[in-house]
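A.B. asks: Below you'll find my_file.tsv; it's TSV, C-alpha atoms.
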chain	number	residue	atom	x	y	z
A	1	MET	CA	17.49	7.80	-6.24
A	2	LYS	CA	16.70	5.62	-3.25
A	3	LEU	CA	14.54	7.18	-0.55
A	4	LEU	CA	14.27	5.59	2.89
A	5	SER	CA	11.63	7.38	4.92
A	6	GLY	CA	9.14	6.93	7.72
A	7	PRO	CA	8.91	7.44	11.48
A	8	CYS	CA	11.73	6.57	13.84
A	9	VAL	CA	9.76	3.91	15.69
A	10	ILE	CA	6.43	2.12	15.38
A	11	GLU	CA	4.34	4.06	17.90
A	12	SER	CA	1.00	2.48	16.99
A	13	GLU	CA	-0.65	0.89	13.97
A	14	LYS	CA	-2.85	3.97	13.55
A	15	ASN	CA	0.11	6.37	13.44
A	16	ILE	CA	2.11	4.12	11.12
A	17	PHE	CA	-0.69	3.99	8.57
A	18	LYS	CA	-1.29	7.73	8.82
A	19	ILE	CA	2.35	8.39	7.94
A	20	ALA	CA	2.52	5.61	5.36
A	21	LYS	CA	-0.44	7.08	3.48
A	22	GLU	CA	1.28	10.48	3.27
A	23	LEU	CA	4.39	8.88	1.78
A	24	GLU	CA	2.52	7.17	-1.05
A	25	LYS	CA	3.46	9.92	-3.51
A	26	TYR	CA	7.11	8.83	-3.37
A	27	HIS	CA	6.24	5.20	-4.03
A	28	ASN	CA	4.28	6.33	-7.09
A	29	ASP	CA	7.15	8.48	-8.41
A	30	ASN	CA	9.05	6.46	-11.00
A	31	THR	CA	12.21	8.52	-10.36
A	32	ILE	CA	12.34	7.32	-6.74
A	33	ASP	CA	13.11	3.85	-5.37
A	34	PHE	CA	11.08	4.13	-2.17
A	35	TYR	CA	11.48	2.13	1.08
A	36	PHE	CA	9.21	2.64	4.09
A	37	LYS	CA	11.25	2.81	7.29
A	38	ALA	CA	10.14	2.25	10.88
A	39	SER	CA	11.77	0.42	13.78
A	40	PHE	CA	10.02	-2.29	15.79
A	41	ASP	CA	12.49	-1.69	18.61
A	42	LYS	CA	14.97	1.05	19.50
A	43	ALA	CA	17.43	-0.95	21.56
A	44	ASN	CA	19.89	1.92	22.11
A	45	ARG	CA	17.65	4.46	23.84
A	46	THR	CA	19.36	6.61	26.45
A	47	SER	CA	17.25	5.55	29.44
A	48	LEU	CA	14.91	2.75	30.50
A	49	GLU	CA	12.06	5.27	30.59
A	50	SER	CA	12.35	6.01	26.85
A	51	PHE	CA	9.82	4.41	24.49
A	52	ARG	CA	11.43	1.55	22.56
A	53	GLY	CA	8.63	0.36	20.29
A	54	LEU	CA	6.05	-2.43	20.12
A	55	GLY	CA	8.46	-5.36	19.96
A	56	ILE	CA	9.49	-7.67	17.15
A	57	ASP	CA	6.29	-9.71	16.74
A	58	GLU	CA	3.79	-6.85	16.78
A	59	GLY	CA	6.18	-4.57	14.90
A	60	LEU	CA	6.69	-7.04	12.06
A	61	ARG	CA	2.94	-7.70	11.88
A	62	ILE	CA	2.35	-3.97	11.29
A	63	LEU	CA	5.20	-3.68	8.78
A	64	GLN	CA	3.85	-6.66	6.85
A	65	LYS	CA	0.43	-4.98	6.78
A	66	VAL	CA	1.99	-1.77	5.41
A	67	LYS	CA	3.75	-3.86	2.77
A	68	ASP	CA	0.56	-5.68	1.81
A	69	ASP	CA	-1.68	-2.59	1.77
A	70	PHE	CA	0.64	-0.11	0.05
A	71	GLY	CA	3.06	-2.33	-1.86
A	72	TYR	CA	6.04	-0.61	-0.23
A	73	LYS	CA	9.47	-2.09	0.16
A	74	ILE	CA	10.37	-2.11	3.87
A	75	VAL	CA	13.56	-1.31	5.77
A	76	THR	CA	14.04	-1.71	9.51
A	77	ASP	CA	16.82	-2.01	12.07
A	78	VAL	CA	18.13	-5.26	13.51
A	79	HIS	CA	20.12	-5.19	16.74
A	80	GLU	CA	20.95	-8.85	17.35
A	81	SER	CA	21.84	-11.71	15.03
A	82	ILE	CA	19.06	-13.82	16.53
A	83	GLN	CA	16.49	-11.36	15.10
A	84	VAL	CA	17.73	-11.42	11.53
A	85	ASN	CA	15.98	-14.44	9.99
A	86	GLN	CA	12.59	-13.50	11.43
A	87	VAL	CA	12.90	-9.89	10.25
A	88	ALA	CA	14.18	-10.94	6.81
A	89	GLU	CA	10.89	-12.76	6.17
A	90	VAL	CA	9.12	-9.38	6.10
A	91	VAL	CA	11.55	-6.66	5.04
A	92	ASP	CA	13.48	-5.96	1.84
A	93	MET	CA	16.41	-4.15	3.44
A	94	LEU	CA	18.06	-4.84	6.80
A	95	GLN	CA	19.63	-1.83	8.49
A	96	ILE	CA	22.64	-2.08	10.79
A	97	PRO	CA	22.57	0.67	13.46
A	98	ALA	CA	25.64	2.89	13.59
A	99	PHE	CA	26.68	1.72	17.06
A	100	LEU	CA	26.66	-1.89	15.80
A	101	CYS	CA	28.38	-1.49	12.44
A	102	ARG	CA	31.42	-3.53	13.57
A	103	GLN	CA	29.40	-6.43	15.06
A	104	THR	CA	30.63	-9.35	12.99
A	105	ASP	CA	27.93	-11.87	13.94
A	106	LEU	CA	25.18	-9.37	13.10
A	107	LEU	CA	26.73	-8.45	9.76
A	108	VAL	CA	27.29	-12.07	8.76
A	109	ALA	CA	23.74	-13.04	9.73
A	110	CYS	CA	22.37	-10.24	7.53
A	111	ALA	CA	24.66	-11.25	4.68
A	112	LYS	CA	23.26	-14.79	4.75
A	113	THR	CA	19.76	-13.51	3.90
A	114	SER	CA	18.51	-12.40	0.49
A	115	CYS	CA	17.85	-8.87	1.78
A	116	GLU	CA	19.69	-5.71	0.85
A	117	VAL	CA	21.78	-4.34	3.72
A	118	ASN	CA	22.23	-0.72	4.76
A	119	ILE	CA	25.20	-0.29	7.11
A	120	LYS	CA	25.17	2.96	9.03
A	121	LYS	CA	28.62	4.43	9.59
A	122	GLY	CA	29.57	4.47	13.23
A	123	GLN	CA	29.73	7.91	14.81
A	124	PHE	CA	33.24	6.94	15.92
A	125	LEU	CA	34.64	5.69	12.58
A	126	SER	CA	36.38	7.28	9.63
A	127	ALA	CA	34.83	6.90	6.21
A	128	ASP	CA	37.73	4.75	5.02
A	129	ALA	CA	37.21	2.31	7.90
A	130	MET	CA	33.72	1.47	6.61
A	131	GLN	CA	35.17	-0.73	3.88
A	132	TYR	CA	35.74	-3.41	6.53
A	133	PRO	CA	32.12	-3.86	7.68
A	134	LEU	CA	31.23	-3.78	3.99
A	135	LEU	CA	33.78	-6.49	3.26
A	136	LYS	CA	32.28	-8.74	5.97
A	137	ILE	CA	29.01	-8.70	4.05
A	138	LEU	CA	30.63	-9.12	0.63
A	139	GLN	CA	32.90	-11.97	1.71
A	140	THR	CA	29.95	-13.83	3.22
A	141	ARG	CA	28.17	-13.41	-0.12
A	142	GLY	CA	31.17	-14.77	-2.03
A	143	CYS	CA	32.83	-11.52	-3.10
A	144	THR	CA	36.34	-10.56	-2.01
A	145	GLU	CA	36.80	-6.99	-3.24
A	146	PRO	CA	35.04	-3.90	-1.77
A	147	THR	CA	34.20	-1.89	-4.86
A	148	TYR	CA	31.21	0.26	-5.75
A	149	GLU	CA	30.14	-2.17	-8.47
A	150	ASN	CA	30.44	-5.24	-6.22
A	151	ALA	CA	28.57	-3.60	-3.36
A	152	LYS	CA	25.78	-2.49	-5.70
A	153	LYS	CA	25.56	-5.98	-7.25
A	154	HIS	CA	25.17	-7.54	-3.79
A	155	GLY	CA	22.75	-4.90	-2.52
A	156	VAL	CA	24.97	-3.39	0.17
A	157	TYR	CA	24.89	0.32	1.04
A	158	LEU	CA	26.84	2.53	3.41
A	159	CYS	CA	24.97	5.24	5.26
A	160	GLU	CA	26.52	8.50	6.44
A	161	ARG	CA	24.94	9.87	9.63
A	162	GLY	CA	27.59	12.17	11.05
A	163	ASN	CA	30.43	11.80	13.53
A	164	SER	CA	30.58	12.56	17.23
A	165	PHE	CA	31.84	16.10	17.71
A	166	GLY	CA	32.86	16.65	21.30
A	167	TYR	CA	30.11	15.80	23.77
A	168	GLY	CA	26.44	15.82	22.77
A	169	ASN	CA	26.84	16.96	19.19
A	170	MET	CA	27.32	15.62	15.66
A	171	VAL	CA	29.10	16.98	12.61
A	172	VAL	CA	29.06	15.82	8.99
A	173	ASP	CA	32.32	15.74	7.09
A	174	MET	CA	31.11	15.88	3.49
A	175	ARG	CA	34.38	14.28	2.33
A	176	ASN	CA	33.01	11.04	3.78
A	177	LEU	CA	30.42	10.85	1.01
A	178	VAL	CA	33.14	10.93	-1.63
A	179	ILE	CA	35.43	8.48	0.19
A	180	MET	CA	32.78	5.85	0.94
A	181	ARG	CA	31.35	6.08	-2.56
A	182	GLU	CA	34.65	4.78	-3.89
A	183	PHE	CA	33.75	1.33	-2.54
A	184	ALA	CA	29.94	1.32	-2.07
A	185	PRO	CA	26.72	3.14	-2.94
A	186	VAL	CA	26.06	5.77	-0.28
A	187	ILE	CA	22.85	6.77	1.50
A	188	PHE	CA	22.87	10.11	3.31
A	189	ASP	CA	20.91	10.16	6.56
A	190	ALA	CA	20.21	13.85	7.01
A	191	THR	CA	17.92	13.59	10.03
A	192	HIS	CA	20.22	11.58	12.29
A	193	SER	CA	23.12	13.81	11.25
A	194	VAL	CA	21.56	16.70	13.21
A	195	GLN	CA	21.10	14.71	16.43
A	196	MET	CA	22.42	15.95	19.74
A	197	PRO	CA	22.87	12.78	21.78
A	198	THR	CA	21.64	12.92	25.40
A	199	ALA	CA	21.20	16.69	25.08
A	200	GLU	CA	17.72	16.78	26.62
A	201	ASN	CA	18.05	15.40	30.14
A	202	GLY	CA	18.55	11.78	29.22
A	203	LYS	CA	16.95	12.03	25.79
A	204	THR	CA	18.44	12.70	22.37
A	205	GLY	CA	17.95	16.22	21.10
A	206	GLY	CA	18.51	17.66	17.65
A	207	ASP	CA	18.02	20.56	15.29
A	208	SER	CA	15.83	19.65	12.34
A	209	SER	CA	16.19	23.16	10.87
A	210	MET	CA	19.65	22.08	9.64
A	211	VAL	CA	18.36	19.00	7.77
A	212	PRO	CA	17.59	20.77	4.44
A	213	TYR	CA	21.03	22.38	4.27
A	214	LEU	CA	22.90	19.11	4.81
A	215	ALA	CA	20.63	17.21	2.42
A	216	LYS	CA	21.08	19.76	-0.36
A	217	ALA	CA	24.85	19.74	0.16
A	218	ALA	CA	24.87	15.93	-0.11
A	219	ALA	CA	22.78	16.10	-3.29
A	220	ALA	CA	25.28	18.54	-4.79
A	221	ILE	CA	28.23	16.30	-3.93
A	222	GLY	CA	26.49	13.18	-5.22
A	223	VAL	CA	24.97	10.26	-3.31
A	224	ASP	CA	22.84	7.26	-4.24
A	225	GLY	CA	19.99	7.89	-1.86
A	226	PHE	CA	18.62	9.69	1.19
A	227	PHE	CA	17.26	8.66	4.57
A	228	PHE	CA	14.76	10.97	6.27
A	229	GLU	CA	12.78	10.22	9.39
A	230	THR	CA	9.44	11.97	9.21
A	231	HIS	CA	6.26	12.37	11.24
A	232	PHE	CA	2.96	14.23	11.01
A	233	ASP	CA	3.92	16.03	14.24
A	234	PRO	CA	7.54	15.58	15.40
A	235	SER	CA	6.76	17.47	18.63
A	236	VAL	CA	4.71	14.48	19.88
A	237	ALA	CA	6.89	11.74	18.36
A	238	LEU	CA	8.00	9.14	20.91
A	239	SER	CA	11.55	8.89	19.55
A	240	ASP	CA	13.87	11.31	17.72
A	241	GLY	CA	11.26	14.05	17.40
A	242	PRO	CA	13.77	16.96	17.53
A	243	ASN	CA	15.60	15.80	14.41
A	244	MET	CA	12.64	14.55	12.34
A	245	LEU	CA	10.98	16.41	9.48
A	246	LYS	CA	7.29	17.19	9.19
A	247	LEU	CA	5.72	15.35	6.28
A	248	GLN	CA	4.93	18.59	4.41
A	249	ASP	CA	8.52	19.81	4.85
A	250	LEU	CA	9.85	16.54	3.44
A	251	GLU	CA	7.92	17.07	0.21
A	252	LYS	CA	9.46	20.51	-0.35
A	253	LEU	CA	12.94	19.17	0.36
A	254	ILE	CA	12.62	16.22	-2.01
A	255	GLN	CA	11.66	18.62	-4.79
A	256	LYS	CA	14.78	20.73	-4.14
A	257	ILE	CA	17.01	17.66	-4.03
A	258	GLN	CA	15.65	16.47	-7.35
A	259	GLN	CA	16.30	19.89	-8.88
A	260	ILE	CA	19.92	19.79	-7.67
A	261	GLN	CA	20.38	16.26	-9.02
A	262	GLU	CA	19.01	17.32	-12.41
A	263	ILE	CA	21.60	20.09	-12.55
Please re-express this file's structure in structure tokens.
C.D. replies:
Amino acid sequence: MKLLSGPCVIESEKNIFKIAKELEKYHNDNTIDFYFKASFDKANRTSLESFRGLGIDEGLRILQKVKDDFGYKIVTDVHESIQVNQVAEVVDMLQIPAFLCRQTDLLVACAKTSCEVNIKKGQFLSADAMQYPLLKILQTRGCTEPTYENAKKHGVYLCERGNSFGYGNMVVDMRNLVIMREFAPVIFDATHSVQMPTAENGKTGGDSSMVPYLAKAAAAIGVDGFFFETHFDPSVALSDGPNMLKLQDLEKLIQKIQQIQEI
């Protein structure tokens, strides 16, 4: 299975390397296709006071250092088409944020690189509607039919991260995993699926205690990979702390997921 994991945002080089070192066991596991995830910028934070990251130049320098020192494949978010070529020089997978999954120029710019692309499903979209962002990538890469085999061949993934449920809450419809997997490999993002947008006085809240239940359910249904944001201490994380897993809790959960997949 694919595993995309790391902190939400690059807080500092010291913190990144502390987390990266703890994730080395997954890179060394030949049953896991591991990608280290961290964002150089969080462009969609709720308020101007929220920490966004270290910026593209410093962020990519640190990600390149992680890649060089650990040998990890790297995945990170891109928010604007102008960023794509610079980011693609460092990373192996470009990630389209859920709010931007319909942005044609961004999708096409990513498709023109040699990177894999992970498109997060918009919180406002049905699973079936995700074939159209997928098709923008495939058509740019010379493929006209959105099928699982074609998407896999061209390195394109769809990522389930829940749908808006009323105000300030998310819900996961597990049918989405089945529907999207008809036309693309699917990554399940369990940590963002338990977010509670703007629930904490202008900051995103969440309930990480629900992450294991959703992840195990996704494993039982069948997906191609998992996305987990993790931190050595989510209570002090500068972004998405309430929905992130502690590193030691991630290890226990991965073991359970693997057991379910073996069954």
A.B. asks: Excluding region 61-67 of chain A and its own-chain neighbours fewer than 2 positions away, which residues fall within 12 Å of it when counting only C-alpha atoms? Please give them as a PDB file with C-alpha atoms, in the coordinates of the input.
C.D. replies:
ATOM      1  CA  GLY A   6       9.140   6.930   7.720  1.00  0.00           C
ATOM      2  CA  VAL A   9       9.760   3.910  15.690  1.00  0.00           C
ATOM      3  CA  ILE A  10       6.430   2.120  15.380  1.00  0.00           C
ATOM      4  CA  GLU A  11       4.340   4.060  17.900  1.00  0.00           C
ATOM      5  CA  SER A  12       1.000   2.480  16.990  1.00  0.00           C
ATOM      6  CA  GLU A  13      -0.650   0.890  13.970  1.00  0.00           C
ATOM      7  CA  LYS A  14      -2.850   3.970  13.550  1.00  0.00           C
ATOM      8  CA  ASN A  15       0.110   6.370  13.440  1.00  0.00           C
ATOM      9  CA  ILE A  16       2.110   4.120  11.120  1.00  0.00           C
ATOM     10  CA  PHE A  17      -0.690   3.990   8.570  1.00  0.00           C
ATOM     11  CA  LYS A  18      -1.290   7.730   8.820  1.00  0.00           C
ATOM     12  CA  ILE A  19       2.350   8.390   7.940  1.00  0.00           C
ATOM     13  CA  ALA A  20       2.520   5.610   5.360  1.00  0.00           C
ATOM     14  CA  LYS A  21      -0.440   7.080   3.480  1.00  0.00           C
ATOM     15  CA  LEU A  23       4.390   8.880   1.780  1.00  0.00           C
ATOM     16  CA  GLU A  24       2.520   7.170  -1.050  1.00  0.00           C
ATOM     17  CA  HIS A  27       6.240   5.200  -4.030  1.00  0.00           C
ATOM     18  CA  PHE A  34      11.080   4.130  -2.170  1.00  0.00           C
ATOM     19  CA  TYR A  35      11.480   2.130   1.080  1.00  0.00           C
ATOM     20  CA  PHE A  36       9.210   2.640   4.090  1.00  0.00           C
ATOM     21  CA  LYS A  37      11.250   2.810   7.290  1.00  0.00           C
ATOM     22  CA  ALA A  38      10.140   2.250  10.880  1.00  0.00           C
ATOM     23  CA  SER A  39      11.770   0.420  13.780  1.00  0.00           C
ATOM     24  CA  PHE A  40      10.020  -2.290  15.790  1.00  0.00           C
ATOM     25  CA  GLY A  53       8.630   0.360  20.290  1.00  0.00           C
ATOM     26  CA  LEU A  54       6.050  -2.430  20.120  1.00  0.00           C
ATOM     27  CA  GLY A  55       8.460  -5.360  19.960  1.00  0.00           C
ATOM     28  CA  ILE A  56       9.490  -7.670  17.150  1.00  0.00           C
ATOM     29  CA  ASP A  57       6.290  -9.710  16.740  1.00  0.00           C
ATOM     30  CA  GLU A  58       3.790  -6.850  16.780  1.00  0.00           C
ATOM     31  CA  GLY A  59       6.180  -4.570  14.900  1.00  0.00           C
ATOM     32  CA  ASP A  69      -1.680  -2.590   1.770  1.00  0.00           C
ATOM     33  CA  PHE A  70       0.640  -0.110   0.050  1.00  0.00           C
ATOM     34  CA  GLY A  71       3.060  -2.330  -1.860  1.00  0.00           C
ATOM     35  CA  TYR A  72       6.040  -0.610  -0.230  1.00  0.00           C
ATOM     36  CA  LYS A  73       9.470  -2.090   0.160  1.00  0.00           C
ATOM     37  CA  ILE A  74      10.370  -2.110   3.870  1.00  0.00           C
ATOM     38  CA  VAL A  75      13.560  -1.310   5.770  1.00  0.00           C
ATOM     39  CA  THR A  76      14.040  -1.710   9.510  1.00  0.00           C
ATOM     40  CA  GLN A  86      12.590 -13.500  11.430  1.00  0.00           C
ATOM     41  CA  VAL A  87      12.900  -9.890  10.250  1.00  0.00           C
ATOM     42  CA  ALA A  88      14.180 -10.940   6.810  1.00  0.00           C
ATOM     43  CA  GLU A  89      10.890 -12.760   6.170  1.00  0.00           C
ATOM     44  CA  VAL A  90       9.120  -9.380   6.100  1.00  0.00           C
ATOM     45  CA  VAL A  91      11.550  -6.660   5.040  1.00  0.00           C
ATOM     46  CA  ASP A  92      13.480  -5.960   1.840  1.00  0.00           C
TER      47      ASP A  92
END
A.B. asks: What is the CA of Val108 (chain A) to CA of Val172 (chain A) distance in Å?
C.D. replies: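 About the pair CA of Val108 (chain A) and CA of Val172 (chain A): they are 27.9 Å apart.
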A.B. asks: What does the distance from CA of Cys115 (chain A) to CA of Val156 (chain A) come to in Å, to one decimal?
C.D. replies: 9.1 Å
A.B. asks: Need to verify the contact set: region 168-170 of chain A, 6 Å, only C-alpha atoms, exclusion of same-chain residues closer than 5 positions in sequence. Can you return it as a ChimeraX atom specification?
C.D. replies: /A:162-163,196-197,199
A.B. asks: Take the residues from that selection and write them out as a PDB file, in the frame of the given file, keeping C-alpha atoms.
C.D. replies:
ATOM      1  CA  GLY A 162      27.590  12.170  11.050  1.00  0.00           C
ATOM      2  CA  ASN A 163      30.430  11.800  13.530  1.00  0.00           C
ATOM      3  CA  MET A 196      22.420  15.950  19.740  1.00  0.00           C
ATOM      4  CA  PRO A 197      22.870  12.780  21.780  1.00  0.00           C
ATOM      5  CA  ALA A 199      21.200  16.690  25.080  1.00  0.00           C
TER       6      ALA A 199
END
A.B. asks: Interatomic distance between CA of Leu238 (chain A) and CA of Glu49 (chain A)?
C.D. replies: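 Calculated distance between CA of Leu238 (chain A) and CA of Glu49 (chain A) is 11.2 Å.
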A.B. asks: Would you mind telling me which residue in A:Ala215, A:Leu247, A:Val236, A:Leu48 lies nearest to Gln261 (chain A) when using all atoms listed in the file?
C.D. replies: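 Of the candidates, the smallest distance to Gln261 (chain A) is held by A:Ala215.
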A.B. asks: With a distance cut-off of 6 Å and all atoms listed in the file, select the neighbouring residues of Gln95 (chain A), excluding the residue or stretch itself and same-chain residues fewer than 3 positions from it, and output the selection as a list in words.
C.D. replies: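 Neighbouring residues, sequence-local ones excluded: Thr76, Asp77, Val117, Asn118 and Ile119 of chain A.
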A.B. asks: Please provide as a list in words all residues within 10 Å of His154 (chain A), with the sequence filter that same-chain residues fewer than 3 positions apart are discarded (counting all atoms listed in the file).
C.D. replies: Ala111, Ser114, Cys115, Glu116, Val117, Ile137, Leu138, Arg141, Gly142, Cys143, Glu149, Asn150, Ala151 and Tyr157 of chain A
A.B. asks: Go through A:Ala98, A:Lys246, A:Met93, A:Val186 one by one, measure the shortest atom-to-atom distance of each to His79 (chain A) using all atoms listed in the file, and give the residue with the smallest value.
C.D. replies: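 Among the listed residues, A:Ala98 lies closest to His79 (chain A).
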A.B. asks: Under the rule that only C-alpha atoms are counted, which of A:Ile32, A:Ser126, A:Thr113, A:Leu245 is the nearest residue to Asn85 (chain A)?
C.D. replies: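 The shortest atom-to-atom distance to Asn85 (chain A) comes from A:Thr113.
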A.B. asks: Set the distance at 12 Å and use only C-alpha atoms: which residues neighbour Ala220 (chain A) once local chain neighbours fewer than 6 positions away are removed? I'd like the list as number ranges by chain.
C.D. replies: A: 174, 177-178, 188, 213-214, 256-263
A.B. asks: Give the answer as one residue: which of A:Ala218, A:Met244, A:Ala184, A:Val194 has the shortest atom-to-atom distance to Lys153 (chain A), using all atoms listed in the file?
C.D. replies: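 Nearest candidate to Lys153 (chain A) out of A:Ala218, A:Met244, A:Ala184, A:Val194: A:Ala184.
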